[in-house]
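Participant: Structure file query_31.csv, CSV, C-alpha atoms, is pasted below:
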```
chain,number,residue,atom,x,y,z
A,722,MET,CA,49.5,-35.4,-29.3
A,723,SER,CA,47.3,-34.2,-26.4
A,724,SER,CA,44.3,-31.9,-26.7
A,725,SER,CA,46.7,-29.1,-25.9
A,726,ARG,CA,47.7,-29.3,-29.6
A,727,VAL,CA,44.7,-27.0,-30.0
A,728,VAL,CA,46.6,-24.8,-31.6
A,729,THR,CA,49.2,-22.4,-30.7
A,730,THR,CA,51.3,-24.9,-32.5
A,731,VAL,CA,49.0,-25.3,-35.5
A,732,ALA,CA,48.6,-21.5,-35.7
A,733,ALA,CA,52.3,-21.1,-35.9
A,734,VAL,CA,52.5,-23.8,-38.6
A,735,VAL,CA,49.8,-22.2,-40.6
A,736,VAL,CA,51.4,-18.7,-40.3
A,737,SER,CA,54.8,-20.2,-41.3
A,738,LEU,CA,53.4,-22.0,-44.3
A,739,ALA,CA,51.5,-18.9,-45.4
A,740,THR,CA,54.7,-16.8,-45.1
A,741,SER,CA,56.6,-19.4,-47.1
A,742,PHE,CA,54.3,-18.9,-50.1
A,743,SER,CA,54.2,-15.1,-49.8
A,744,SER,CA,56.3,-14.8,-53.0
A,745,GLY,CA,53.1,-15.2,-54.9
A,746,CYS,CA,53.8,-18.7,-56.2
A,747,LYS,CA,50.7,-20.9,-56.1
A,748,ALA,CA,50.9,-23.8,-53.7
A,749,GLU,CA,51.3,-27.2,-55.2
A,750,ASP,CA,48.3,-29.5,-54.8
A,751,ASN,CA,49.8,-32.2,-52.6
A,752,ARG,CA,46.6,-33.4,-50.9
A,753,LEU,CA,46.4,-37.1,-50.1
A,754,PHE,CA,43.0,-37.1,-51.9
A,755,ASP,CA,40.4,-34.7,-53.4
A,756,GLU,CA,38.0,-34.1,-50.5
A,757,THR,CA,35.3,-32.3,-52.6
A,758,GLY,CA,31.8,-33.6,-52.1
A,759,VAL,CA,29.8,-35.6,-49.5
A,760,TRP,CA,31.2,-38.1,-47.1
A,761,THR,CA,29.3,-40.5,-44.8
A,762,LEU,CA,30.5,-42.0,-41.6
A,763,GLU,CA,31.1,-45.8,-42.0
A,764,LYS,CA,33.1,-46.9,-39.0
A,765,TYR,CA,34.4,-45.4,-35.8
A,766,SER,CA,36.7,-46.1,-32.8
A,767,LEU,CA,36.2,-43.7,-30.0
A,768,ASP,CA,38.8,-44.9,-27.5
A,769,GLY,CA,41.3,-47.0,-29.3
A,770,THR,CA,39.2,-50.1,-29.3
A,771,PRO,CA,38.5,-52.1,-32.5
A,772,TYR,CA,36.4,-50.3,-35.1
A,773,GLU,CA,32.6,-50.5,-35.0
A,774,ASP,CA,30.4,-50.2,-38.0
A,775,ILE,CA,27.6,-47.7,-38.3
A,776,THR,CA,24.4,-49.7,-38.0
A,777,GLN,CA,22.0,-49.9,-40.9
A,778,GLY,CA,19.5,-47.6,-39.3
A,779,ARG,CA,22.2,-44.9,-38.9
A,780,LYS,CA,23.6,-45.1,-42.5
A,781,ASN,CA,24.0,-41.7,-44.2
A,782,ARG,CA,23.0,-39.9,-41.0
A,783,PHE,CA,26.4,-38.6,-40.0
A,784,LEU,CA,27.8,-36.5,-42.9
A,785,LEU,CA,30.5,-34.2,-44.0
A,786,ARG,CA,30.3,-32.0,-47.0
A,787,PHE,CA,33.5,-30.3,-48.3
A,788,MET,CA,33.5,-27.2,-50.4
A,789,PRO,CA,37.0,-26.2,-51.5
A,790,THR,CA,36.9,-22.4,-51.6
A,791,ALA,CA,39.6,-20.0,-52.7
A,792,GLY,CA,40.1,-17.0,-50.4
A,793,ILE,CA,38.9,-18.5,-47.2
A,794,GLU,CA,42.0,-20.4,-46.0
A,795,PRO,CA,45.4,-18.6,-45.6
A,796,PRO,CA,46.7,-17.4,-48.9
A,797,ASP,CA,48.2,-20.0,-51.2
A,798,LEU,CA,47.1,-23.0,-49.1
A,799,MET,CA,44.7,-25.6,-50.3
A,800,GLY,CA,41.5,-25.7,-48.2
A,801,GLY,CA,38.0,-24.3,-48.0
A,802,LEU,CA,34.8,-25.0,-45.9
A,803,VAL,CA,33.2,-28.1,-44.5
A,804,ALA,CA,29.7,-28.6,-43.1
A,805,ALA,CA,29.0,-31.4,-40.6
A,806,ALA,CA,25.5,-32.7,-40.2
A,807,ALA,CA,24.0,-35.4,-38.0
A,808,CYS,CA,20.4,-36.6,-37.7
A,809,HIS,CA,19.0,-37.1,-34.2
A,810,GLU,CA,15.8,-36.9,-32.2
A,811,GLU,CA,14.7,-33.5,-31.2
A,812,GLY,CA,15.7,-32.6,-27.6
A,813,THR,CA,18.6,-35.2,-27.6
A,814,ASN,CA,22.3,-34.9,-28.2
A,815,VAL,CA,23.9,-36.4,-31.3
A,816,ASP,CA,25.2,-39.9,-30.5
A,817,ILE,CA,26.6,-42.1,-33.2
A,818,LYS,CA,25.8,-45.2,-31.1
A,819,ALA,CA,22.2,-44.2,-30.3
A,820,SER,CA,20.8,-41.5,-32.6
A,821,THR,CA,18.3,-42.6,-35.3
A,822,CYS,CA,15.9,-40.9,-37.6
A,823,VAL,CA,13.2,-43.5,-37.8
A,824,ASN,CA,10.4,-41.2,-36.6
A,825,ALA,CA,10.1,-38.3,-39.0
A,826,GLU,CA,8.0,-36.3,-36.6
A,827,PHE,CA,10.7,-36.2,-34.0
A,828,SER,CA,13.8,-36.0,-36.2
A,829,THR,CA,16.1,-33.1,-36.8
A,830,TRP,CA,19.6,-32.3,-38.0
A,831,SER,CA,22.5,-30.7,-36.2
A,832,CYS,CA,24.8,-28.4,-38.3
A,833,GLN,CA,28.4,-27.4,-37.6
A,834,CYS,CA,30.6,-25.3,-39.8
A,835,PHE,CA,34.4,-25.4,-40.2
A,836,ALA,CA,37.0,-23.7,-42.3
A,837,TYR,CA,40.0,-25.9,-43.1
A,838,THR,CA,43.4,-26.2,-44.8
A,839,PHE,CA,44.7,-29.4,-46.4
A,840,GLU,CA,48.3,-30.4,-47.1
A,841,GLU,CA,49.5,-33.9,-47.8
A,842,SER,CA,47.9,-36.0,-45.0
A,843,LYS,CA,47.2,-33.1,-42.6
A,844,MET,CA,44.0,-31.1,-42.3
A,845,VAL,CA,43.6,-28.1,-40.0
A,846,TRP,CA,40.0,-27.3,-39.1
A,847,GLN,CA,38.6,-24.2,-37.3
A,848,GLU,CA,35.0,-24.0,-36.3
A,849,TYR,CA,32.8,-21.0,-36.8
A,850,ASP,CA,29.2,-20.2,-36.0
A,851,PRO,CA,26.7,-21.1,-38.7
A,852,GLY,CA,25.8,-18.0,-40.7
A,853,GLN,CA,29.0,-16.1,-39.7
A,854,THR,CA,32.0,-15.1,-41.8
A,855,PRO,CA,34.4,-18.1,-42.0
A,856,PRO,CA,37.7,-17.4,-40.2
A,857,VAL,CA,41.2,-17.5,-41.5
A,858,VAL,CA,42.4,-20.9,-40.3
A,859,GLY,CA,44.9,-20.7,-37.4
A,860,VAL,CA,44.1,-17.0,-36.6
A,861,PRO,CA,42.0,-16.5,-33.4
A,862,PRO,CA,39.0,-14.3,-33.7
A,863,ALA,CA,39.5,-10.7,-32.9
A,864,GLY,CA,38.6,-9.0,-29.6
A,865,ASP,CA,36.9,-11.2,-26.9
A,866,GLY,CA,36.3,-14.1,-29.2
A,867,THR,CA,32.7,-13.3,-29.9
A,868,ASP,CA,33.2,-11.0,-32.9
A,869,GLU,CA,31.9,-11.9,-36.4
A,870,GLY,CA,34.4,-13.9,-38.3
A,871,GLY,CA,35.1,-16.6,-35.7
A,872,GLY,CA,32.2,-16.8,-33.4
A,873,GLU,CA,33.1,-18.2,-30.0
A,874,PHE,CA,35.7,-20.6,-31.6
A,875,GLY,CA,39.3,-19.5,-31.4
A,876,ASP,CA,41.1,-22.8,-31.8
A,877,ALA,CA,42.2,-24.7,-34.8
A,878,ILE,CA,42.5,-28.5,-34.7
A,879,GLU,CA,45.0,-30.7,-36.6
A,880,ILE,CA,43.6,-33.9,-38.1
A,881,GLU,CA,45.6,-36.7,-39.7
A,882,VAL,CA,44.0,-38.4,-42.6
A,883,SER,CA,45.0,-41.8,-44.2
A,884,ALA,CA,43.6,-44.3,-46.7
A,885,PHE,CA,41.6,-47.0,-45.0
A,886,GLY,CA,41.8,-50.6,-46.2
A,887,SER,CA,41.3,-51.4,-49.9
A,888,SER,CA,37.9,-49.6,-50.2
A,889,THR,CA,37.7,-46.9,-52.8
A,890,SER,CA,37.5,-43.3,-51.6
A,891,THR,CA,37.5,-44.3,-47.9
A,892,TYR,CA,39.7,-42.5,-45.4
A,893,GLU,CA,40.4,-42.4,-41.7
A,894,PHE,CA,40.2,-39.1,-39.8
A,895,SER,CA,42.2,-38.9,-36.5
A,896,SER,CA,40.9,-37.1,-34.6
A,897,LEU,CA,37.9,-35.0,-35.4
A,898,PRO,CA,37.2,-31.8,-33.2
A,899,THR,CA,36.0,-32.6,-29.7
A,900,GLY,CA,32.3,-33.3,-29.6
A,901,LEU,CA,31.9,-33.9,-33.4
A,902,PHE,CA,30.4,-37.3,-33.9
A,903,ASN,CA,31.3,-38.3,-30.3
A,904,SER,CA,35.0,-37.5,-30.8
A,905,ASP,CA,37.2,-36.8,-27.8
A,906,GLY,CA,39.5,-34.7,-30.0
A,907,GLU,CA,42.5,-37.0,-29.1
A,908,ASN,CA,42.0,-40.7,-29.5
A,909,ALA,CA,38.9,-41.1,-31.6
A,910,ARG,CA,39.1,-42.3,-35.2
A,911,HIS,CA,36.3,-42.0,-37.8
A,912,VAL,CA,36.2,-43.6,-41.3
A,913,PHE,CA,34.3,-41.7,-44.0
A,914,GLN,CA,33.5,-42.8,-47.5
A,915,LEU,CA,32.7,-40.6,-50.5
A,916,LYS,CA,29.0,-40.7,-51.6
A,917,ALA,CA,26.9,-39.1,-54.3
A,918,ASP,CA,26.0,-35.5,-53.6
A,919,SER,CA,22.3,-36.5,-53.4
A,920,VAL,CA,23.0,-38.2,-50.0
A,921,TRP,CA,23.1,-34.6,-48.8
A,922,THR,CA,21.2,-32.5,-51.3
A,923,ASP,CA,18.1,-34.7,-51.6
A,924,VAL,CA,17.6,-36.0,-48.1
A,925,ASP,CA,14.0,-35.2,-46.9
A,926,ILE,CA,13.3,-37.3,-43.8
A,927,ASN,CA,10.1,-35.5,-42.8
A,928,GLY,CA,8.7,-35.6,-46.3
A,929,ASP,CA,7.9,-31.9,-46.5
A,930,ASP,CA,9.5,-31.6,-50.0
A,931,VAL,CA,12.2,-29.3,-48.6
A,932,PRO,CA,15.7,-30.8,-48.6
A,933,ASP,CA,16.6,-31.2,-44.9
A,934,LEU,CA,20.2,-29.9,-45.3
A,935,GLU,CA,19.6,-27.0,-47.6
A,936,GLU,CA,19.8,-24.6,-44.6
A,937,CYS,CA,23.0,-26.1,-43.3
A,938,SER,CA,24.6,-25.6,-46.7
A,939,ALA,CA,23.5,-22.0,-46.8
A,940,LEU,CA,24.8,-21.3,-43.3
A,941,CYS,CA,28.2,-23.0,-43.8
A,942,PHE,CA,28.8,-22.0,-47.4
A,943,PRO,CA,28.1,-18.2,-47.6
```
Turn the structure described in the file into structure tokens.
Facilitator:
Amino acid sequence: MSSSRVVTTVAAVVVSLATSFSSGCKAEDNRLFDETGVWTLEKYSLDGTPYEDITQGRKNRFLLRFMPTAGIEPPDLMGGLVAAAACHEEGTNVDIKASTCVNAEFSTWSCQCFAYTFEESKMVWQEYDPGQTPPVVGVPPAGDGTDEGGGEFGDAIEIEVSAFGSSTSTYEFSSLPTGLFNSDGENARHVFQLKADSVWTDVDINGDDVPDLEECSALCFP
């Protein structure tokens, strides 16, 4: 599916699904897996080429943290909020092939926030500005697209997820939103593995005794 899938189609699917559950019956949990928790990028293929491994110096530096949250997604759909964080050098763009955090003095974290729904093997993500009210997935922000509730992001993105190999709690995401961890939004594939929450909650690269990603959590999970 081309990048034009960004989502009139997905919006229609979400609205249709929400309508189908309007009788008040609770949606069945048919998710492929329980996404709750912290996931770290292990492998990636950005253009259909064979997978590349995240190098040792970049391990646990490209993270997703899922927080299933009732009342954020359309009524009666499984979903919630996800924060995406990447460590990189100050003044540089995030690059999964180049970014490192070996020099604490010059290291920082990016933070992006998404609301999402999750049914069977399909997720639908919609980005919102950190610190703003999460949007209803599939519903464009009101007005000119800069109102609180959706920030400047009006599009939802459909992501297919599938089990990857024989590794436990390891899944392929195809494709992440454009720009996230070098994704082109169309051909890129990323493999994430579930990790202990401490990979997110306890990271302190600059050694100032303040967890690096505390602010990202606060901004994405109001």
Participant: Of the candidates A:Arg752, A:Arg779, A:Lys916, A:Lys843, which shows the shortest atom-to-atom distance to Leu897 in chain A, using all atoms listed in the file?
Facilitator: A:Lys843
Participant: Which protein, DNA or RNA residues are at most 12 Å from (21.6, -21.1, -45.6) in the file's coordinates when you count all atoms listed in the file, listed as a list in words?
Facilitator: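 These residues have at least one counted atom within 12 Å: Ala804, Cys832, Cys834, Pro851, Gly852, Gln853, Pro932, Asp933, Leu934, Glu935, Glu936, Cys937, Ser938, Ala939, Leu940, Cys941, Phe942 and Pro943 of chain A.
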Participant: Would you mind reading off the distance between CA of Glu763 in chain A and CA of Ala836 in chain A, one decimal, in Å?
Facilitator: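 Separation of CA of Glu763 in chain A and CA of Ala836 in chain A: 22.9 Å.
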Participant: What is the CA of His911 in chain A to CA of Gln777 in chain A distance in Å?
Facilitator: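 One can read the CA of His911 in chain A to CA of Gln777 in chain A distance as 16.6 Å.
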Participant: Kindly give the distance, in Å, that separates CA of Thr776 in chain A and CA of Pro898 in chain A, rounded to a single decimal.
Facilitator: 22.5 Å
Participant: May I ask which of the residues A:Thr889, A:Thr854, A:Ile817, A:Val845 is the closest one to Ser766 in chain A, counting all atoms listed in the file?
Facilitator: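 Comparing A:Thr889, A:Thr854, A:Ile817, A:Val845 against Ser766 in chain A, the winner is A:Ile817.
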Participant: Using only C-alpha atoms, which of the listed residues (A:Glu810, A:Asp774, A:Glu893, A:Glu907) sits closest to Cys822 in chain A?
Facilitator: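 Of A:Glu810, A:Asp774, A:Glu893, A:Glu907, the one nearest Cys822 in chain A, counting only C-alpha atoms, is A:Glu810.
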Participant: Could you check which of A:Met788, A:Glu794, A:Cys808, A:Lys780 is closest to Ile926 in chain A, using only C-alpha atoms?
Facilitator: A:Cys808
Participant: List the spatial neighbours of Gly801 in chain A as a list in words - criterion: any atom at most 9 Å away, only C-alpha atoms, same-chain residues fewer than 6 positions off excluded.
Facilitator: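 Within the cut-off, the hits are Phe787, Met788, Pro789, Thr790, Ala791, Gly792, Ile793, Glu794, Phe835, Ala836, Tyr837, Thr838 and Phe839 of chain A.
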Participant: How about saving the chosen residues, C-alpha atoms kept, as a short mmCIF file (atom, residue, chain, number, x, y, z; two decimals), in the coordinates of the input?
Facilitator:
```cif
data_model
loop_
_atom_site.label_atom_id
_atom_site.label_comp_id
_atom_site.auth_asym_id
_atom_site.auth_seq_id
_atom_site.Cartn_x
_atom_site.Cartn_y
_atom_site.Cartn_z
CA PHE A 787 33.50 -30.30 -48.30
CA MET A 788 33.50 -27.20 -50.40
CA PRO A 789 37.00 -26.20 -51.50
CA THR A 790 36.90 -22.40 -51.60
CA ALA A 791 39.60 -20.00 -52.70
CA GLY A 792 40.10 -17.00 -50.40
CA ILE A 793 38.90 -18.50 -47.20
CA GLU A 794 42.00 -20.40 -46.00
CA PHE A 835 34.40 -25.40 -40.20
CA ALA A 836 37.00 -23.70 -42.30
CA TYR A 837 40.00 -25.90 -43.10
CA THR A 838 43.40 -26.20 -44.80
CA PHE A 839 44.70 -29.40 -46.40
#
```
Participant: Which residue gives the smallest distance to Ile775 in chain A among A:Ser890, A:Thr761, A:Asn903, A:Ser883, with all atoms listed in the file counted?
Facilitator: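 Closest candidate: A:Thr761.
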